[in-house]
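Visitor: Next comes the structure file query_24.txt, holding compact mmCIF, C-alpha atoms and all ligand atoms.
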# COMPACT_ATOMS: atom_id res chain seq x y z
CA MET A 87 80.28 106.11 101.98
CA ILE A 88 80.98 108.02 98.78
CA ILE A 89 84.14 108.63 96.79
CA LYS A 90 84.39 111.97 94.97
CA GLN A 91 86.76 114.64 93.79
CA ILE A 92 87.56 117.05 96.64
CA SER A 93 86.03 120.50 96.16
CA LYS A 94 87.87 123.81 96.45
CA LYS A 95 85.95 124.51 99.64
CA GLU A 96 87.04 121.20 101.19
CA ILE A 97 90.67 120.95 100.12
CA LYS A 98 92.13 122.77 103.14
CA ASN A 99 90.21 120.50 105.49
CA ALA A 100 91.33 117.42 103.51
CA ASP A 101 94.94 118.60 103.86
CA LEU A 102 94.58 119.00 107.64
CA PHE A 103 93.00 115.53 107.74
CA GLN A 104 95.95 113.84 105.99
CA GLN A 105 98.51 115.71 108.09
CA ALA A 106 96.84 114.52 111.30
CA ILE A 107 97.32 110.90 110.12
CA LEU A 108 100.60 111.07 108.20
CA ASN A 109 102.39 113.70 110.29
CA PRO A 110 100.90 113.48 113.81
CA ASN A 111 104.00 115.00 115.43
CA LYS A 112 103.74 118.06 113.20
CA CYS A 113 107.29 117.77 111.87
CA LYS A 114 108.39 120.06 109.07
CA ARG A 115 106.25 119.13 106.11
CA PHE A 116 107.84 117.37 103.18
CA ARG A 117 105.29 118.97 100.83
CA PRO A 118 103.98 122.31 102.10
CA TRP A 119 100.34 123.33 101.85
CA SER A 120 101.18 125.92 99.17
CA VAL A 121 102.47 123.13 96.87
CA VAL A 122 99.43 120.96 97.60
CA TYR A 123 97.06 123.82 96.80
CA LYS A 124 98.86 124.88 93.62
CA ASN A 125 98.68 121.31 92.29
CA PHE A 126 95.06 120.94 93.36
CA LEU A 127 94.11 124.03 91.33
CA ARG A 128 95.97 122.62 88.29
CA ASN A 129 94.71 119.03 88.43
CA PRO A 130 91.80 118.67 90.86
CA SER A 131 90.91 115.20 89.51
CA LEU A 132 93.99 113.84 91.34
CA PHE A 133 92.63 114.97 94.72
CA ILE A 134 89.99 112.47 95.79
CA GLY A 135 88.17 112.01 99.07
CA ALA A 136 86.05 109.32 100.76
CA TYR A 137 83.15 110.67 102.81
CA ASP A 138 80.87 109.09 105.37
CA LYS A 139 77.80 111.30 105.41
CA ASN A 140 79.62 114.61 105.15
CA LYS A 141 82.67 113.64 107.14
CA ILE A 142 85.97 113.09 105.38
CA ILE A 143 87.37 109.60 106.16
CA GLY A 144 90.02 109.12 103.47
CA ILE A 145 92.06 110.99 100.87
CA VAL A 146 94.51 110.48 98.05
CA PHE A 147 96.53 113.36 96.54
CA GLY A 148 98.48 113.17 93.26
CA TYR A 149 101.06 115.34 91.50
CA ILE A 150 101.92 115.33 87.81
CA LYS A 151 105.61 115.11 86.94
CA LYS A 152 105.88 114.89 83.15
CA ASN A 153 104.69 111.39 82.20
CA LYS A 154 104.17 110.15 85.71
CA VAL A 155 101.80 110.88 88.54
CA LEU A 156 103.35 110.88 91.96
CA LEU A 157 100.96 109.61 94.59
CA GLY A 158 102.04 111.96 97.35
CA GLU A 159 99.61 111.37 100.18
CA MET A 160 97.18 108.57 100.95
CA ALA A 161 95.43 108.24 104.31
CA ILE A 162 92.34 106.59 105.77
CA SER A 163 90.95 107.43 109.23
CA ASN A 164 92.02 104.89 111.85
CA ASP A 165 88.43 103.76 112.45
CA TYR A 166 87.87 103.10 108.77
CA GLN A 167 91.06 101.24 107.83
CA ARG A 168 90.96 97.68 106.39
CA LYS A 169 87.41 98.09 105.12
CA GLY A 170 88.26 98.40 101.41
CA ILE A 171 88.10 102.21 101.31
CA GLY A 172 91.79 102.65 100.36
CA ARG A 173 91.28 100.20 97.50
CA LYS A 174 88.27 102.18 96.21
CA LEU A 175 90.14 105.48 96.44
CA ILE A 176 93.09 104.03 94.49
CA PHE A 177 90.79 102.69 91.76
CA GLU A 178 89.22 106.12 91.27
CA PHE A 179 92.68 107.70 91.32
CA GLU A 180 93.99 105.25 88.68
CA LYS A 181 90.96 105.95 86.49
CA ASN A 182 91.74 109.68 86.54
CA VAL A 183 95.46 109.11 85.92
CA LYS A 184 94.55 107.11 82.79
CA LYS A 185 92.14 109.86 81.66
CA LEU A 186 95.04 112.32 81.89
CA ASN A 187 97.03 109.97 79.64
CA LYS A 188 99.84 109.57 82.13
CA LYS A 189 102.07 106.51 81.80
CA TYR A 190 102.54 105.44 85.39
CA ILE A 191 101.93 106.08 89.08
CA GLU A 192 104.83 106.16 91.50
CA LEU A 193 104.96 106.48 95.28
CA GLY A 194 107.13 105.86 98.30
CA ALA A 195 105.72 103.74 101.13
CA PHE A 196 106.86 102.51 104.51
CA GLY A 197 105.84 99.79 106.93
CA SER A 198 102.60 97.93 106.46
CA ALA A 199 101.37 100.31 103.73
CA GLN A 200 103.87 98.50 101.48
CA ASN A 201 101.68 95.40 101.55
CA PHE A 202 98.67 97.47 100.65
CA TYR A 203 100.32 98.62 97.40
CA LEU A 204 101.72 95.15 96.57
CA ASN A 205 98.20 93.82 97.05
CA LEU A 206 96.89 96.32 94.51
CA GLY A 207 99.37 95.26 91.81
CA TYR A 208 102.13 97.84 92.35
CA THR A 209 105.69 96.67 91.71
CA PRO A 210 108.54 97.62 94.03
CA ILE A 211 111.67 99.44 92.87
CA LEU A 212 114.81 100.26 94.87
CA PHE A 213 115.42 103.98 94.97
CA VAL A 214 119.05 104.71 95.83
CA GLN A 215 120.33 108.19 96.66
CA ILE A 216 124.07 108.87 96.74
CA TYR A 217 125.81 112.16 97.52
CA LYS A 218 127.70 113.19 94.39
CA ASN A 219 131.04 113.33 96.18
CA LYS A 220 130.49 109.76 97.45
CA VAL A 221 129.69 108.14 94.10
CA LYS A 222 132.06 105.22 93.51
CA LYS A 223 133.94 105.12 90.20
CA ASN A 224 132.59 101.67 89.35
CA TYR A 225 128.99 102.40 90.41
CA ASN A 226 127.63 101.62 86.94
CA LYS A 227 129.48 98.30 86.72
CA LEU A 228 127.87 96.77 89.79
CA ASN A 229 125.49 93.89 89.26
CA TYR A 230 122.15 95.74 89.46
CA ASN A 231 119.42 96.30 86.91
CA VAL A 232 119.36 100.12 86.80
CA LEU A 233 116.16 101.33 85.10
CA LYS A 234 116.93 105.02 85.32
CA GLU A 235 119.55 107.39 86.66
CA THR A 236 119.00 111.06 87.50
CA ASN A 237 121.14 113.80 88.99
CA TYR A 238 119.63 116.08 91.57
CA ILE A 239 121.47 119.10 93.01
CA ASP A 240 124.00 117.31 95.20
CA ALA A 241 122.81 113.72 94.79
CA LYS A 242 122.70 110.97 92.21
CA ARG A 243 119.57 108.85 92.17
CA LEU A 244 119.25 105.33 90.82
CA PHE A 245 116.03 103.43 90.16
CA ILE A 246 116.77 99.71 90.37
CA LYS A 247 114.50 96.89 89.21
CA ILE A 248 113.75 94.25 91.86
CA ASP A 249 111.39 91.26 91.84
CA LYS A 250 110.09 91.60 95.38
CA LEU A 251 110.72 93.43 98.67
CA ASP A 252 114.11 92.22 99.84
CA ASP A 253 115.59 93.98 102.87
CA LYS A 254 118.92 92.12 102.53
CA LEU A 255 119.32 93.40 98.99
CA LYS A 256 118.29 96.88 100.16
CA GLN A 257 121.08 96.86 102.78
CA LYS A 258 123.56 95.47 100.28
CA ALA A 259 122.73 98.21 97.77
CA GLU A 260 123.24 100.84 100.46
CA LYS A 261 126.78 99.52 101.05
CA ASP A 262 127.65 98.78 97.42
CA PHE A 263 126.68 102.27 96.25
CA ASN A 264 127.81 104.18 99.34
CA ALA A 265 124.27 105.53 99.46
CA TYR A 266 122.90 107.83 102.14
CA ASN A 267 119.36 106.58 101.59
CA VAL A 268 117.72 103.54 99.99
CA ILE A 269 113.95 103.14 100.00
CA TYR A 270 111.31 101.16 98.15
CA LEU A 271 109.25 102.96 95.57
CA PHE A 272 106.11 101.40 94.13
CA ARG A 273 104.99 101.76 90.56
CA LYS A 274 102.04 100.84 88.37
CA ASN A 275 102.37 101.18 84.62
CA PHE A 276 99.62 102.12 82.19
CA ASP A 277 101.88 102.37 79.17
CA PHE A 278 100.94 99.30 77.21
CA GLY A 279 101.02 100.96 73.80
C1 LIG B 1 97.56 102.01 104.09
C2 LIG B 1 96.10 102.50 103.93
C3 LIG B 1 96.09 103.67 102.96
C4 LIG B 1 95.28 101.32 103.35
O1 LIG B 1 93.92 101.72 103.22
P1 LIG B 1 92.75 100.77 103.75
O2 LIG B 1 91.44 101.38 103.42
O3 LIG B 1 93.02 100.46 105.17
O4 LIG B 1 93.01 99.44 102.85
P2 LIG B 1 91.90 98.50 102.18
O5 LIG B 1 90.97 98.04 103.24
O6 LIG B 1 91.32 99.14 100.99
O7 LIG B 1 92.82 97.28 101.73
C5 LIG B 1 93.05 96.91 100.39
C6 LIG B 1 93.92 95.68 100.35
O8 LIG B 1 95.20 95.91 100.92
C7 LIG B 1 95.42 95.07 102.07
N1 LIG B 1 95.97 95.88 103.16
C8 LIG B 1 95.51 97.07 103.58
N2 LIG B 1 96.24 97.54 104.59
C9 LIG B 1 97.18 96.61 104.81
C10 LIG B 1 98.22 96.49 105.73
N3 LIG B 1 98.44 97.43 106.63
N4 LIG B 1 98.96 95.38 105.71
C11 LIG B 1 98.71 94.39 104.81
N5 LIG B 1 97.75 94.44 103.88
C12 LIG B 1 97.00 95.54 103.89
C13 LIG B 1 94.06 94.55 102.48
O9 LIG B 1 94.16 93.26 103.02
C14 LIG B 1 93.28 94.59 101.20
O10 LIG B 1 93.42 93.41 100.47
P3 LIG B 1 92.21 92.37 100.38
O11 LIG B 1 91.02 93.16 99.90
O12 LIG B 1 92.74 91.37 99.41
O13 LIG B 1 92.06 91.88 101.78
C15 LIG B 1 95.47 102.91 105.28
O14 LIG B 1 95.45 101.82 106.13
C16 LIG B 1 96.16 104.09 105.97
O15 LIG B 1 95.79 105.24 105.74
N6 LIG B 1 97.16 103.83 106.83
C17 LIG B 1 97.82 104.87 107.60
C18 LIG B 1 98.56 105.88 106.76
C19 LIG B 1 99.46 105.29 105.72
O16 LIG B 1 100.25 104.40 106.00
N7 LIG B 1 99.33 105.80 104.49
C20 LIG B 1 100.11 105.37 103.36
C21 LIG B 1 101.26 106.28 103.17
S1 LIG B 1 102.12 105.82 101.70
Please, can you express the file's structure as structure tokens?
Guide:
Amino acid sequence: MIIKQISKKEIKNADLFQQAILNPNKCKRFRPWSVVYKNFLRNPSLFIGAYDKNKIIGIVFGYIKKNKVLLGEMAISNDYQRKGIGRKLIFEFEKNVKKLNKKYIELGAFGSAQNFYLNLGYTPILFVQIYKNKVKKNYNKLNYNVLKETNYIDAKRLFIKIDKLDDKLKQKAEKDFNAYNVIYLFRKNFDFG
């Protein structure tokens, strides 16, 4: 098994590979191929593959957003999961993020993949999205540790510090903020300066 940057010739195949795992029902893509390819051409070091002989068995794709790198897609072939390949891919990815002088990695994860990221030293954050016309007047006086607040077209987004995954707190935040969506994000910081 080898870990290496994905080549221009292989990137389309790597994209089809991750879609087969992450989007098996072929729903409308969250991040279209054109966006993947544009980012690959700009920062190919954030597109890394694991290969067994010449077959692709794992990928990680990253996207630069100012000071952060968004880990957008991460997938290992079913037959190769839980063999330490994801861990190796993430290490290579983190090395390249540091080389690019970016301050942190952020990603959204669901289900059992959450434990994978916690295991690798990522810290969870509550990401709360509220439609602008549903934002409560006292939203900034509630008892939450808001790290960052951004406004996005028709929604307000809050990044809230939490100590651990806590589904009760997640549900409570949804109610308290009148949010239409609350998910866990995971972050690893490299900004120790
Ligand atoms: C989640 C995924 C990327 C992990 O990759 P992997 O190669 O299977 O993981 P590794 O074998 O490198 O595991 C690294 C560590 O995380 C832990 N881990 C991995 N998958 C886990 C899971 N599903 N639940 C709990 N812990 C997990 C392992 O125990 C291991 O820790 P250890 O070395 O201390 O035992 C992979 O299983 C996958 O592609 N899953 C399907 C798609 C997916 O969910 N992608 C993530 C979208 S955000």
Visitor: Please identify every residue of chain A that has at least one atom no farther than 7 Å from an atom of ligand LIG 1 (chain B), counting all atoms listed in the file, and for each give the shortest atom pair and the distance in Å to one decimal, arranged by chain then increasing number, as a tab-separated table.
Guide:
residue	atom	partner	partner_atom	distance
A:Ile107	CA	B:LIG1	C18	6.2
A:Leu108	CA	B:LIG1	C18	5.8
A:Glu159	CA	B:LIG1	C21	6.1
A:Met160	CA	B:LIG1	C20	5.0
A:Ala161	CA	B:LIG1	O15	3.3
A:Ile162	CA	B:LIG1	O15	3.7
A:Ser163	CA	B:LIG1	O15	6.4
A:Tyr166	CA	B:LIG1	O2	6.7
A:Gln167	CA	B:LIG1	O3	3.4
A:Arg168	CA	B:LIG1	O5	3.2
A:Lys169	CA	B:LIG1	O5	4.0
A:Gly170	CA	B:LIG1	O6	3.2
A:Ile171	CA	B:LIG1	O2	4.0
A:Gly172	CA	B:LIG1	O2	3.3
A:Arg173	CA	B:LIG1	O6	3.6
A:Lys174	CA	B:LIG1	O6	6.4
A:Gly194	CA	B:LIG1	S1	6.1
A:Ala195	CA	B:LIG1	S1	4.2
A:Phe196	CA	B:LIG1	S1	6.4
A:Ser198	CA	B:LIG1	N3	4.2
A:Ala199	CA	B:LIG1	C1	4.2
A:Asn201	CA	B:LIG1	C11	4.5
A:Phe202	CA	B:LIG1	O8	3.8
A:Tyr203	CA	B:LIG1	O8	6.8
A:Asn205	CA	B:LIG1	O8	5.3
A:Leu206	CA	B:LIG1	C6	6.6
Visitor: Within 7 Å of Asn275 (chain A), counting only C-alpha atoms, which residues show up once you throw out same-chain ones fewer than 5 positions away? Write them as a compact mmCIF listing (two decimals) with C-alpha atoms, keeping the file's coordinate frame, please.
Guide:
# COMPACT_ATOMS: atom_id res chain seq x y z
CA LYS A 189 102.07 106.51 81.80
CA TYR A 190 102.54 105.44 85.39
CA ILE A 191 101.93 106.08 89.08
Visitor: What's the 7 Å shell around Phe263 (chain A), counting all atoms listed in the file, without same-chain residues fewer than 2 positions away, as a ChimeraX atom specification?
Guide: /A:221-222,225,259-261,265
Visitor: Around the point (102.4, 100.3, 92.5) (coordinates from the file), which residues reach within 7 Å if we count all atoms listed in the file? Answer as a VMD selection string.
Guide: chain A and resid 191 to 192 203 to 204 207 to 210 272 to 274
Visitor: Write the selection just made, keeping C-alpha atoms, as a PDB file, keeping the file's coordinate frame?
Guide:
ATOM      1  CA  ILE A 191     101.930 106.080  89.080  1.00  0.00           C
ATOM      2  CA  GLU A 192     104.830 106.160  91.500  1.00  0.00           C
ATOM      3  CA  TYR A 203     100.320  98.620  97.400  1.00  0.00           C
ATOM      4  CA  LEU A 204     101.720  95.150  96.570  1.00  0.00           C
ATOM      5  CA  GLY A 207      99.370  95.260  91.810  1.00  0.00           C
ATOM      6  CA  TYR A 208     102.130  97.840  92.350  1.00  0.00           C
ATOM      7  CA  THR A 209     105.690  96.670  91.710  1.00  0.00           C
ATOM      8  CA  PRO A 210     108.540  97.620  94.030  1.00  0.00           C
ATOM      9  CA  PHE A 272     106.110 101.400  94.130  1.00  0.00           C
ATOM     10  CA  ARG A 273     104.990 101.760  90.560  1.00  0.00           C
ATOM     11  CA  LYS A 274     102.040 100.840  88.370  1.00  0.00           C
TER      12      LYS A 274
END
Visitor: Have a look at A:Asn153, A:Thr236, A:Gln91, A:Asn219 and name the one nearest to Glu178 (chain A); count all atoms listed in the file.
Guide: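 Closest to Glu178 (chain A), using all atoms listed in the file: A:Gln91.
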Visitor: Hey, which of A:Lys247, A:Lys256, A:Lys154, A:Lys124 ends up closest to Lys94 (chain A)? Count only C-alpha atoms.
Guide: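 Looking only at the distances to Lys94 (chain A), the closest residue turns out to be A:Lys124.
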Visitor: Which distance in Å separates CA of Arg117 (chain A) and CA of Gln105 (chain A), to one decimal?
Guide: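 Computed distance, CA of Arg117 (chain A) to CA of Gln105 (chain A), equals 10.5 Å.
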Visitor: Kindly provide, as lines of an AutoDock Vina configuration file, the centre and edge lengths (Å, one decimal) of an axis-aligned box around all atoms of region 179-192 of chain A given in the file, with 3 Å on each side.
Guide:
center_x = 97.9
center_y = 108.8
center_z = 85.6
size_x = 19.9
size_y = 13.1
size_z = 17.9
Visitor: Which one of A:Leu212, A:Gln200, A:Asp249, A:Tyr137 sits closest to Glu235 (chain A) if you count all atoms listed in the file?
Guide: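 Between A:Leu212, A:Gln200, A:Asp249, A:Tyr137, the residue approaching Glu235 (chain A) most closely is A:Leu212.
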Visitor: Give me the region 142-181 of chain A side of the contact with region 129-136 of chain A, cut-off 6 Å, one line per residue showing its nearest atom pair and distance in Å at one decimal, counting only C-alpha atoms, sorted by chain and residue number, as a tab-separated table.
Guide:
residue	atom	partner	partner_atom	distance
A:Ile142	CA	A:Ala136	CA	6.0
A:Ile143	CA	A:Ala136	CA	5.6
A:Gly144	CA	A:Ala136	CA	4.8
A:Ile145	CA	A:Gly135	CA	4.4
A:Val146	CA	A:Ile134	CA	5.4
A:Phe147	CA	A:Phe133	CA	4.6
A:Gly148	CA	A:Leu132	CA	4.9
Visitor: Expressed in Å to a single decimal, how great is the separation between CA of Ala241 (chain A) and CA of Ile150 (chain A)?
Guide: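 Computing the Euclidean distance for CA of Ala241 (chain A) and CA of Ile150 (chain A) yields 22.1 Å.
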Visitor: Starting from the incomplete input, reconstruct N, CA and C atoms of region 134-151 of chain A and write that as a PDB file, in the coordinates of the input.
Guide:
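This is the output file result.pdb:
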ATOM      1  N   ILE A 134      91.243 113.209  95.631  1.00  0.00           N
ATOM      2  CA  ILE A 134      89.990 112.470  95.790  1.00  0.00           C
ATOM      3  C   ILE A 134      89.767 112.168  97.268  1.00  0.00           C
ATOM      4  N   GLY A 135      88.496 112.260  97.672  1.00  0.00           N
ATOM      5  CA  GLY A 135      88.170 112.010  99.070  1.00  0.00           C
ATOM      6  C   GLY A 135      87.119 110.918  99.218  1.00  0.00           C
ATOM      7  N   ALA A 136      87.128 110.247 100.392  1.00  0.00           N
ATOM      8  CA  ALA A 136      86.050 109.320 100.760  1.00  0.00           C
ATOM      9  C   ALA A 136      85.291 109.989 101.898  1.00  0.00           C
ATOM     10  N   TYR A 137      83.984 109.981 101.822  1.00  0.00           N
ATOM     11  CA  TYR A 137      83.150 110.670 102.810  1.00  0.00           C
ATOM     12  C   TYR A 137      82.124 109.718 103.404  1.00  0.00           C
ATOM     13  N   ASP A 138      81.956 109.813 104.711  1.00  0.00           N
ATOM     14  CA  ASP A 138      80.870 109.090 105.370  1.00  0.00           C
ATOM     15  C   ASP A 138      79.905 110.169 105.841  1.00  0.00           C
ATOM     16  N   LYS A 139      78.708 110.158 105.291  1.00  0.00           N
ATOM     17  CA  LYS A 139      77.800 111.300 105.410  1.00  0.00           C
ATOM     18  C   LYS A 139      78.598 112.501 104.908  1.00  0.00           C
ATOM     19  N   ASN A 140      78.819 113.519 105.721  1.00  0.00           N
ATOM     20  CA  ASN A 140      79.620 114.610 105.150  1.00  0.00           C
ATOM     21  C   ASN A 140      81.029 114.682 105.714  1.00  0.00           C
ATOM     22  N   LYS A 141      81.368 113.632 106.474  1.00  0.00           N
ATOM     23  CA  LYS A 141      82.670 113.640 107.140  1.00  0.00           C
ATOM     24  C   LYS A 141      83.735 112.996 106.254  1.00  0.00           C
ATOM     25  N   ILE A 142      84.892 113.664 106.188  1.00  0.00           N
ATOM     26  CA  ILE A 142      85.970 113.090 105.380  1.00  0.00           C
ATOM     27  C   ILE A 142      86.618 111.933 106.156  1.00  0.00           C
ATOM     28  N   ILE A 143      86.791 110.779 105.476  1.00  0.00           N
ATOM     29  CA  ILE A 143      87.370 109.600 106.160  1.00  0.00           C
ATOM     30  C   ILE A 143      88.576 109.033 105.403  1.00  0.00           C
ATOM     31  N   GLY A 144      88.855 109.600 104.214  1.00  0.00           N
ATOM     32  CA  GLY A 144      90.020 109.120 103.470  1.00  0.00           C
ATOM     33  C   GLY A 144      90.368 110.084 102.346  1.00  0.00           C
ATOM     34  N   ILE A 145      91.636 110.125 102.001  1.00  0.00           N
ATOM     35  CA  ILE A 145      92.060 110.990 100.870  1.00  0.00           C
ATOM     36  C   ILE A 145      93.181 110.316 100.082  1.00  0.00           C
ATOM     37  N   VAL A 146      93.299 110.738  98.820  1.00  0.00           N
ATOM     38  CA  VAL A 146      94.510 110.480  98.050  1.00  0.00           C
ATOM     39  C   VAL A 146      94.817 111.744  97.258  1.00  0.00           C
ATOM     40  N   PHE A 147      96.096 112.159  97.262  1.00  0.00           N
ATOM     41  CA  PHE A 147      96.530 113.360  96.540  1.00  0.00           C
ATOM     42  C   PHE A 147      97.602 112.949  95.508  1.00  0.00           C
ATOM     43  N   GLY A 148      97.500 113.499  94.294  1.00  0.00           N
ATOM     44  CA  GLY A 148      98.480 113.170  93.260  1.00  0.00           C
ATOM     45  C   GLY A 148      99.069 114.389  92.583  1.00  0.00           C
ATOM     46  N   TYR A 149     100.305 114.223  92.086  1.00  0.00           N
ATOM     47  CA  TYR A 149     101.060 115.340  91.500  1.00  0.00           C
ATOM     48  C   TYR A 149     101.649 114.910  90.175  1.00  0.00           C
ATOM     49  N   ILE A 150     101.394 115.686  89.132  1.00  0.00           N
ATOM     50  CA  ILE A 150     101.920 115.330  87.810  1.00  0.00           C
ATOM     51  C   ILE A 150     103.372 115.767  87.684  1.00  0.00           C
ATOM     52  N   LYS A 151     104.212 114.814  87.265  1.00  0.00           N
ATOM     53  CA  LYS A 151     105.610 115.110  86.940  1.00  0.00           C
ATOM     54  C   LYS A 151     105.857 114.532  85.560  1.00  0.00           C
TER      55      LYS A 151
END
